[in-house]
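Content type mmCIF, N, CA and C atoms, pLDDT in the B column; chains and numbers go by the auth columns, from the file start.cif:
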data_target
#
loop_
_atom_site.group_PDB
_atom_site.id
_atom_site.type_symbol
_atom_site.label_atom_id
_atom_site.label_comp_id
_atom_site.label_asym_id
_atom_site.label_seq_id
_atom_site.Cartn_x
_atom_site.Cartn_y
_atom_site.Cartn_z
_atom_site.B_iso_or_equiv
_atom_site.auth_seq_id
_atom_site.auth_asym_id
ATOM 1 N N MET A 1 -10.244 26.547 0.758 59.00 245 A
ATOM 2 C CA MET A 1 -9.382 25.477 0.281 59.00 245 A
ATOM 3 C C MET A 1 -8.183 25.363 1.217 59.00 245 A
ATOM 4 N N SER A 2 -7.807 24.161 1.538 77.00 246 A
ATOM 5 C CA SER A 2 -6.680 23.968 2.444 77.00 246 A
ATOM 6 C C SER A 2 -5.458 23.458 1.682 77.00 246 A
ATOM 7 N N ASN A 3 -4.329 23.577 2.328 93.00 247 A
ATOM 8 C CA ASN A 3 -3.082 23.062 1.774 93.00 247 A
ATOM 9 C C ASN A 3 -2.775 21.723 2.423 93.00 247 A
ATOM 10 N N VAL A 4 -2.102 20.853 1.687 96.00 248 A
ATOM 11 C CA VAL A 4 -1.768 19.528 2.183 96.00 248 A
ATOM 12 C C VAL A 4 -0.302 19.247 1.923 96.00 248 A
ATOM 13 N N LYS A 5 0.365 18.676 2.941 96.00 249 A
ATOM 14 C CA LYS A 5 1.734 18.165 2.798 96.00 249 A
ATOM 15 C C LYS A 5 1.695 16.707 3.212 96.00 249 A
ATOM 16 N N VAL A 6 2.541 15.909 2.624 97.00 250 A
ATOM 17 C CA VAL A 6 2.724 14.537 3.076 97.00 250 A
ATOM 18 C C VAL A 6 4.176 14.419 3.504 97.00 250 A
ATOM 19 N N ILE A 7 4.375 14.058 4.776 97.00 251 A
ATOM 20 C CA ILE A 7 5.731 13.915 5.298 97.00 251 A
ATOM 21 C C ILE A 7 6.001 12.448 5.594 97.00 251 A
ATOM 22 N N LYS A 8 7.257 12.112 5.723 97.00 252 A
ATOM 23 C CA LYS A 8 7.650 10.749 6.064 97.00 252 A
ATOM 24 C C LYS A 8 8.199 10.732 7.483 97.00 252 A
ATOM 25 N N GLY A 9 7.457 10.084 8.373 94.00 253 A
ATOM 26 C CA GLY A 9 7.919 9.909 9.747 94.00 253 A
ATOM 27 C C GLY A 9 8.247 11.206 10.453 94.00 253 A
ATOM 28 N N SER A 10 9.477 11.292 10.955 96.00 254 A
ATOM 29 C CA SER A 10 9.905 12.433 11.777 96.00 254 A
ATOM 30 C C SER A 10 10.565 13.564 10.995 96.00 254 A
ATOM 31 N N GLU A 11 10.440 13.569 9.648 97.00 255 A
ATOM 32 C CA GLU A 11 11.109 14.622 8.891 97.00 255 A
ATOM 33 C C GLU A 11 10.522 15.990 9.226 97.00 255 A
ATOM 34 N N PRO A 12 11.370 17.015 9.370 97.00 256 A
ATOM 35 C CA PRO A 12 10.886 18.364 9.671 97.00 256 A
ATOM 36 C C PRO A 12 10.075 18.938 8.509 97.00 256 A
ATOM 37 N N PHE A 13 9.138 19.816 8.850 97.00 257 A
ATOM 38 C CA PHE A 13 8.341 20.498 7.836 97.00 257 A
ATOM 39 C C PHE A 13 8.039 21.908 8.339 97.00 257 A
ATOM 40 N N GLN A 14 7.737 22.805 7.400 96.00 258 A
ATOM 41 C CA GLN A 14 7.426 24.185 7.751 96.00 258 A
ATOM 42 C C GLN A 14 5.948 24.436 7.490 96.00 258 A
ATOM 43 N N ILE A 15 5.310 25.149 8.414 95.00 259 A
ATOM 44 C CA ILE A 15 3.884 25.429 8.311 95.00 259 A
ATOM 45 C C ILE A 15 3.663 26.925 8.092 95.00 259 A
ATOM 46 N N ASN A 16 3.024 27.257 6.984 95.00 260 A
ATOM 47 C CA ASN A 16 2.691 28.649 6.694 95.00 260 A
ATOM 48 C C ASN A 16 1.225 28.897 7.032 95.00 260 A
ATOM 49 N N ALA A 17 0.914 28.686 8.315 95.00 261 A
ATOM 50 C CA ALA A 17 -0.434 28.880 8.852 95.00 261 A
ATOM 51 C C ALA A 17 -0.314 28.971 10.373 95.00 261 A
ATOM 52 N N HIS A 18 -1.418 29.308 11.029 96.00 262 A
ATOM 53 C CA HIS A 18 -1.417 29.400 12.492 96.00 262 A
ATOM 54 C C HIS A 18 -1.991 28.155 13.154 96.00 262 A
ATOM 55 N N SER A 19 -2.443 27.198 12.357 97.00 263 A
ATOM 56 C CA SER A 19 -2.935 25.930 12.886 97.00 263 A
ATOM 57 C C SER A 19 -2.801 24.862 11.806 97.00 263 A
ATOM 58 N N PHE A 20 -2.769 23.607 12.255 97.00 264 A
ATOM 59 C CA PHE A 20 -2.731 22.491 11.313 97.00 264 A
ATOM 60 C C PHE A 20 -3.215 21.230 12.005 97.00 264 A
ATOM 61 N N ILE A 21 -3.488 20.221 11.199 97.00 265 A
ATOM 62 C CA ILE A 21 -3.883 18.918 11.701 97.00 265 A
ATOM 63 C C ILE A 21 -2.959 17.885 11.057 97.00 265 A
ATOM 64 N N ALA A 22 -2.515 16.929 11.867 97.00 266 A
ATOM 65 C CA ALA A 22 -1.638 15.858 11.377 97.00 266 A
ATOM 66 C C ALA A 22 -2.370 14.536 11.513 97.00 266 A
ATOM 67 N N GLY A 23 -2.411 13.780 10.436 96.00 267 A
ATOM 68 C CA GLY A 23 -3.049 12.473 10.464 96.00 267 A
ATOM 69 C C GLY A 23 -2.322 11.518 11.386 96.00 267 A
ATOM 70 N N PRO A 24 -2.909 10.370 11.660 96.00 268 A
ATOM 71 C CA PRO A 24 -2.332 9.431 12.617 96.00 268 A
ATOM 72 C C PRO A 24 -1.053 8.741 12.117 96.00 268 A
ATOM 73 N N SER A 25 -0.249 8.335 13.081 96.00 269 A
ATOM 74 C CA SER A 25 0.955 7.538 12.842 96.00 269 A
ATOM 75 C C SER A 25 0.715 6.167 13.464 96.00 269 A
ATOM 76 N N THR A 26 1.448 5.168 13.032 95.00 270 A
ATOM 77 C CA THR A 26 1.310 3.841 13.626 95.00 270 A
ATOM 78 C C THR A 26 2.041 3.746 14.960 95.00 270 A
ATOM 79 N N THR A 27 2.833 4.787 15.291 97.00 271 A
ATOM 80 C CA THR A 27 3.567 4.812 16.560 97.00 271 A
ATOM 81 C C THR A 27 3.273 6.102 17.315 97.00 271 A
ATOM 82 N N GLU A 28 3.486 6.083 18.607 97.00 272 A
ATOM 83 C CA GLU A 28 3.375 7.274 19.441 97.00 272 A
ATOM 84 C C GLU A 28 4.471 8.263 19.045 97.00 272 A
ATOM 85 N N TYR A 29 4.184 9.566 19.107 98.00 273 A
ATOM 86 C CA TYR A 29 5.205 10.554 18.771 98.00 273 A
ATOM 87 C C TYR A 29 5.047 11.815 19.604 98.00 273 A
ATOM 88 N N THR A 30 6.079 12.649 19.573 98.00 274 A
ATOM 89 C CA THR A 30 6.073 13.932 20.267 98.00 274 A
ATOM 90 C C THR A 30 6.158 15.059 19.253 98.00 274 A
ATOM 91 N N PHE A 31 5.215 15.985 19.314 98.00 275 A
ATOM 92 C CA PHE A 31 5.241 17.169 18.459 98.00 275 A
ATOM 93 C C PHE A 31 6.331 18.108 18.967 98.00 275 A
ATOM 94 N N SER A 32 7.207 18.571 18.078 98.00 276 A
ATOM 95 C CA SER A 32 8.266 19.522 18.427 98.00 276 A
ATOM 96 C C SER A 32 8.206 20.700 17.469 98.00 276 A
ATOM 97 N N TYR A 33 8.569 21.893 17.961 97.00 277 A
ATOM 98 C CA TYR A 33 8.491 23.103 17.145 97.00 277 A
ATOM 99 C C TYR A 33 9.788 23.896 17.242 97.00 277 A
ATOM 100 N N SER A 34 10.029 24.730 16.225 98.00 278 A
ATOM 101 C CA SER A 34 11.289 25.456 16.131 98.00 278 A
ATOM 102 C C SER A 34 11.100 26.756 15.358 98.00 278 A
ATOM 103 N N ALA A 35 11.888 27.764 15.726 97.00 279 A
ATOM 104 C CA ALA A 35 11.889 29.028 14.986 97.00 279 A
ATOM 105 C C ALA A 35 12.883 28.999 13.834 97.00 279 A
ATOM 106 N N ASP A 36 13.947 28.187 13.979 97.00 280 A
ATOM 107 C CA ASP A 36 15.018 28.192 12.984 97.00 280 A
ATOM 108 C C ASP A 36 15.202 26.875 12.233 97.00 280 A
ATOM 109 N N GLY A 37 14.438 25.852 12.566 96.00 281 A
ATOM 110 C CA GLY A 37 14.571 24.561 11.901 96.00 281 A
ATOM 111 C C GLY A 37 15.746 23.742 12.392 96.00 281 A
ATOM 112 N N ILE A 38 16.435 24.225 13.427 96.00 282 A
ATOM 113 C CA ILE A 38 17.594 23.523 13.982 96.00 282 A
ATOM 114 C C ILE A 38 17.361 23.157 15.446 96.00 282 A
ATOM 115 N N ASN A 39 16.946 24.141 16.230 98.00 283 A
ATOM 116 C CA ASN A 39 16.737 23.952 17.669 98.00 283 A
ATOM 117 C C ASN A 39 15.246 23.750 17.936 98.00 283 A
ATOM 118 N N TYR A 40 14.870 22.530 18.309 98.00 284 A
ATOM 119 C CA TYR A 40 13.474 22.167 18.516 98.00 284 A
ATOM 120 C C TYR A 40 13.138 22.047 19.995 98.00 284 A
ATOM 121 N N THR A 41 11.905 22.431 20.339 97.00 285 A
ATOM 122 C CA THR A 41 11.369 22.274 21.685 97.00 285 A
ATOM 123 C C THR A 41 10.227 21.269 21.617 97.00 285 A
ATOM 124 N N PRO A 42 10.294 20.196 22.401 97.00 286 A
ATOM 125 C CA PRO A 42 9.208 19.209 22.373 97.00 286 A
ATOM 126 C C PRO A 42 8.004 19.673 23.193 97.00 286 A
ATOM 127 N N TYR A 43 6.815 19.361 22.700 94.00 287 A
ATOM 128 C CA TYR A 43 5.592 19.602 23.449 94.00 287 A
ATOM 129 C C TYR A 43 5.555 18.611 24.603 94.00 287 A
ATOM 130 N N THR A 44 4.914 18.952 25.693 92.00 288 A
ATOM 131 C CA THR A 44 4.969 18.126 26.900 92.00 288 A
ATOM 132 C C THR A 44 4.208 16.808 26.803 92.00 288 A
ATOM 133 N N GLU A 45 3.161 16.747 25.990 95.00 289 A
ATOM 134 C CA GLU A 45 2.372 15.517 25.880 95.00 289 A
ATOM 135 C C GLU A 45 2.658 14.807 24.564 95.00 289 A
ATOM 136 N N LYS A 46 2.679 13.479 24.623 97.00 290 A
ATOM 137 C CA LYS A 46 2.861 12.673 23.411 97.00 290 A
ATOM 138 C C LYS A 46 1.512 12.447 22.736 97.00 290 A
ATOM 139 N N THR A 47 1.548 12.231 21.431 97.00 291 A
ATOM 140 C CA THR A 47 0.348 11.871 20.682 97.00 291 A
ATOM 141 C C THR A 47 0.336 10.356 20.539 97.00 291 A
ATOM 142 N N PRO A 48 -0.701 9.695 21.039 97.00 292 A
ATOM 143 C CA PRO A 48 -0.744 8.232 20.962 97.00 292 A
ATOM 144 C C PRO A 48 -0.823 7.722 19.521 97.00 292 A
ATOM 145 N N ALA A 49 -0.368 6.504 19.315 97.00 293 A
ATOM 146 C CA ALA A 49 -0.467 5.858 18.001 97.00 293 A
ATOM 147 C C ALA A 49 -1.931 5.826 17.564 97.00 293 A
ATOM 148 N N GLY A 50 -2.154 6.078 16.288 97.00 294 A
ATOM 149 C CA GLY A 50 -3.493 6.005 15.728 97.00 294 A
ATOM 150 C C GLY A 50 -4.374 7.221 15.966 97.00 294 A
ATOM 151 N N GLU A 51 -3.854 8.251 16.647 97.00 295 A
ATOM 152 C CA GLU A 51 -4.654 9.450 16.911 97.00 295 A
ATOM 153 C C GLU A 51 -4.208 10.620 16.040 97.00 295 A
ATOM 154 N N THR A 52 -5.144 11.517 15.771 97.00 296 A
ATOM 155 C CA THR A 52 -4.887 12.718 14.989 97.00 296 A
ATOM 156 C C THR A 52 -4.444 13.839 15.916 97.00 296 A
ATOM 157 N N LEU A 53 -3.499 14.653 15.465 97.00 297 A
ATOM 158 C CA LEU A 53 -2.992 15.785 16.241 97.00 297 A
ATOM 159 C C LEU A 53 -3.543 17.084 15.673 97.00 297 A
ATOM 160 N N ASN A 54 -4.161 17.908 16.532 97.00 298 A
ATOM 161 C CA ASN A 54 -4.606 19.248 16.160 97.00 298 A
ATOM 162 C C ASN A 54 -3.697 20.250 16.847 97.00 298 A
ATOM 163 N N VAL A 55 -3.121 21.184 16.089 96.00 299 A
ATOM 164 C CA VAL A 55 -2.240 22.202 16.646 96.00 299 A
ATOM 165 C C VAL A 55 -2.832 23.565 16.319 96.00 299 A
ATOM 166 N N PHE A 56 -3.038 24.375 17.371 96.00 300 A
ATOM 167 C CA PHE A 56 -3.603 25.714 17.225 96.00 300 A
ATOM 168 C C PHE A 56 -2.634 26.736 17.805 96.00 300 A
ATOM 169 N N GLY A 57 -2.572 27.914 17.205 94.00 301 A
ATOM 170 C CA GLY A 57 -1.776 29.008 17.753 94.00 301 A
ATOM 171 C C GLY A 57 -0.285 28.906 17.482 94.00 301 A
ATOM 172 N N VAL A 58 0.106 28.156 16.472 94.00 302 A
ATOM 173 C CA VAL A 58 1.518 28.080 16.097 94.00 302 A
ATOM 174 C C VAL A 58 1.872 29.334 15.288 94.00 302 A
ATOM 175 N N ALA A 59 3.077 29.836 15.451 96.00 303 A
ATOM 176 C CA ALA A 59 3.501 31.015 14.697 96.00 303 A
ATOM 177 C C ALA A 59 3.597 30.688 13.205 96.00 303 A
ATOM 178 N N PHE A 60 3.113 31.591 12.374 96.00 304 A
ATOM 179 C CA PHE A 60 3.172 31.419 10.918 96.00 304 A
ATOM 180 C C PHE A 60 4.631 31.217 10.497 96.00 304 A
ATOM 181 N N GLY A 61 4.902 30.175 9.729 96.00 305 A
ATOM 182 C CA GLY A 61 6.255 29.897 9.256 96.00 305 A
ATOM 183 C C GLY A 61 7.080 29.032 10.193 96.00 305 A
ATOM 184 N N SER A 62 6.480 28.541 11.264 97.00 306 A
ATOM 185 C CA SER A 62 7.212 27.687 12.213 97.00 306 A
ATOM 186 C C SER A 62 7.680 26.392 11.560 97.00 306 A
ATOM 187 N N TYR A 63 8.773 25.867 12.078 98.00 307 A
ATOM 188 C CA TYR A 63 9.250 24.542 11.698 98.00 307 A
ATOM 189 C C TYR A 63 8.717 23.557 12.725 98.00 307 A
ATOM 190 N N CYS A 64 8.322 22.392 12.265 98.00 308 A
ATOM 191 C CA CYS A 64 7.741 21.388 13.144 98.00 308 A
ATOM 192 C C CYS A 64 8.279 20.015 12.770 98.00 308 A
ATOM 193 N N LYS A 65 8.175 19.082 13.714 98.00 309 A
ATOM 194 C CA LYS A 65 8.436 17.687 13.412 98.00 309 A
ATOM 195 C C LYS A 65 7.696 16.822 14.409 98.00 309 A
ATOM 196 N N LEU A 66 7.478 15.591 14.031 98.00 310 A
ATOM 197 C CA LEU A 66 6.735 14.634 14.839 98.00 310 A
ATOM 198 C C LEU A 66 7.708 13.532 15.248 98.00 310 A
ATOM 199 N N ASP A 67 8.459 13.785 16.310 97.00 311 A
ATOM 200 C CA ASP A 67 9.515 12.867 16.747 97.00 311 A
ATOM 201 C C ASP A 67 8.949 11.503 17.124 97.00 311 A
ATOM 202 N N GLY A 68 9.399 10.469 16.437 97.00 312 A
ATOM 203 C CA GLY A 68 8.961 9.108 16.718 97.00 312 A
ATOM 204 C C GLY A 68 7.884 8.613 15.776 97.00 312 A
ATOM 205 N N ALA A 69 7.336 9.488 14.921 97.00 313 A
ATOM 206 C CA ALA A 69 6.294 9.075 13.979 97.00 313 A
ATOM 207 C C ALA A 69 6.906 8.188 12.895 97.00 313 A
ATOM 208 N N THR A 70 6.075 7.325 12.345 95.00 314 A
ATOM 209 C CA THR A 70 6.508 6.440 11.257 95.00 314 A
ATOM 210 C C THR A 70 5.496 6.478 10.125 95.00 314 A
ATOM 211 N N GLY A 71 5.959 6.110 8.938 95.00 315 A
ATOM 212 C CA GLY A 71 5.091 6.067 7.771 95.00 315 A
ATOM 213 C C GLY A 71 4.827 7.449 7.210 95.00 315 A
ATOM 214 N N GLU A 72 3.889 7.506 6.264 97.00 316 A
ATOM 215 C CA GLU A 72 3.512 8.780 5.665 97.00 316 A
ATOM 216 C C GLU A 72 2.422 9.424 6.510 97.00 316 A
ATOM 217 N N ILE A 73 2.619 10.705 6.809 97.00 317 A
ATOM 218 C CA ILE A 73 1.666 11.455 7.621 97.00 317 A
ATOM 219 C C ILE A 73 1.126 12.609 6.776 97.00 317 A
ATOM 220 N N ILE A 74 -0.188 12.746 6.735 97.00 318 A
ATOM 221 C CA ILE A 74 -0.809 13.863 6.014 97.00 318 A
ATOM 222 C C ILE A 74 -0.906 15.049 6.958 97.00 318 A
ATOM 223 N N ILE A 75 -0.417 16.192 6.504 97.00 319 A
ATOM 224 C CA ILE A 75 -0.503 17.453 7.231 97.00 319 A
ATOM 225 C C ILE A 75 -1.428 18.368 6.439 97.00 319 A
ATOM 226 N N ARG A 76 -2.490 18.830 7.074 97.00 320 A
ATOM 227 C CA ARG A 76 -3.440 19.729 6.409 97.00 320 A
ATOM 228 C C ARG A 76 -3.481 21.043 7.162 97.00 320 A
ATOM 229 N N TYR A 77 -3.339 22.161 6.444 94.00 321 A
ATOM 230 C CA TYR A 77 -3.353 23.484 7.084 94.00 321 A
ATOM 231 C C TYR A 77 -4.056 24.517 6.226 94.00 321 A
#

Encoded form (structure tokens):
Amino acid sequence: MSNVKVIKGSEPFQINAHSFIAGPSTTEYTFSYSADGINYTPYTEKTPAGETLNVFGVAFGSYCKLDGATGEIIIRY
């Protein structure tokens, strides 16, 4: 059984897993990650509009956000 979160746009969220999948956004966005929920590091590649993002090897309990995303995004982990 998996866990599901629904986030709005670029709002930060915490992942209690080592991988997750994010549903598509209507806009291009950049995945960013953080150890403290304050200082974020952006991933080098952007996720195109309408595409799903798969993230593997993230530290358990990491903070994440999808900078530039819009609408409701389903996060499954």

For this session: Work out how far atom C of Thr288 (chain A) is from CA of Gly301 (chain A), in Å to one decimal.
Result: 16.3 Å

Exercise. When DSSP works through the backbone of this structure, what residues of chain A end up as strand (DSSP E or B), shown as JSON, numbers by chain?
Worked result: {"A": [248, 249, 250, 251, 252, 257, 258, 259, 263, 264, 265, 266, 273, 274, 275, 276, 277, 278, 285, 286, 287, 288, 289, 290, 291, 297, 298, 299, 300, 306, 307, 308, 309, 310, 311, 316, 317, 318, 319, 320]}

Exercise. Which residues, written as a PyMOL selection string, have at least one atom at most 7 Å from region 258-275 of chain A, with only C-alpha atoms counted and residues fewer than 4 positions away on the same chain left out?
Worked result: chain A and resi 286-287+289-315+317-321

Problem set entry | Interatomic distance (Å, one decimal) between atom N of Lys252 (chain A) and CA of Glu316 (chain A) |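 Distance reported for this atom pair: 5.0 Å.
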
Exercise. How many Å separate CA of Asn283 (chain A) from CA of Ile251 (chain A)?
Worked result: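 Between CA of Asn283 (chain A) and CA of Ile251 (chain A) the gap works out to 19.4 Å.
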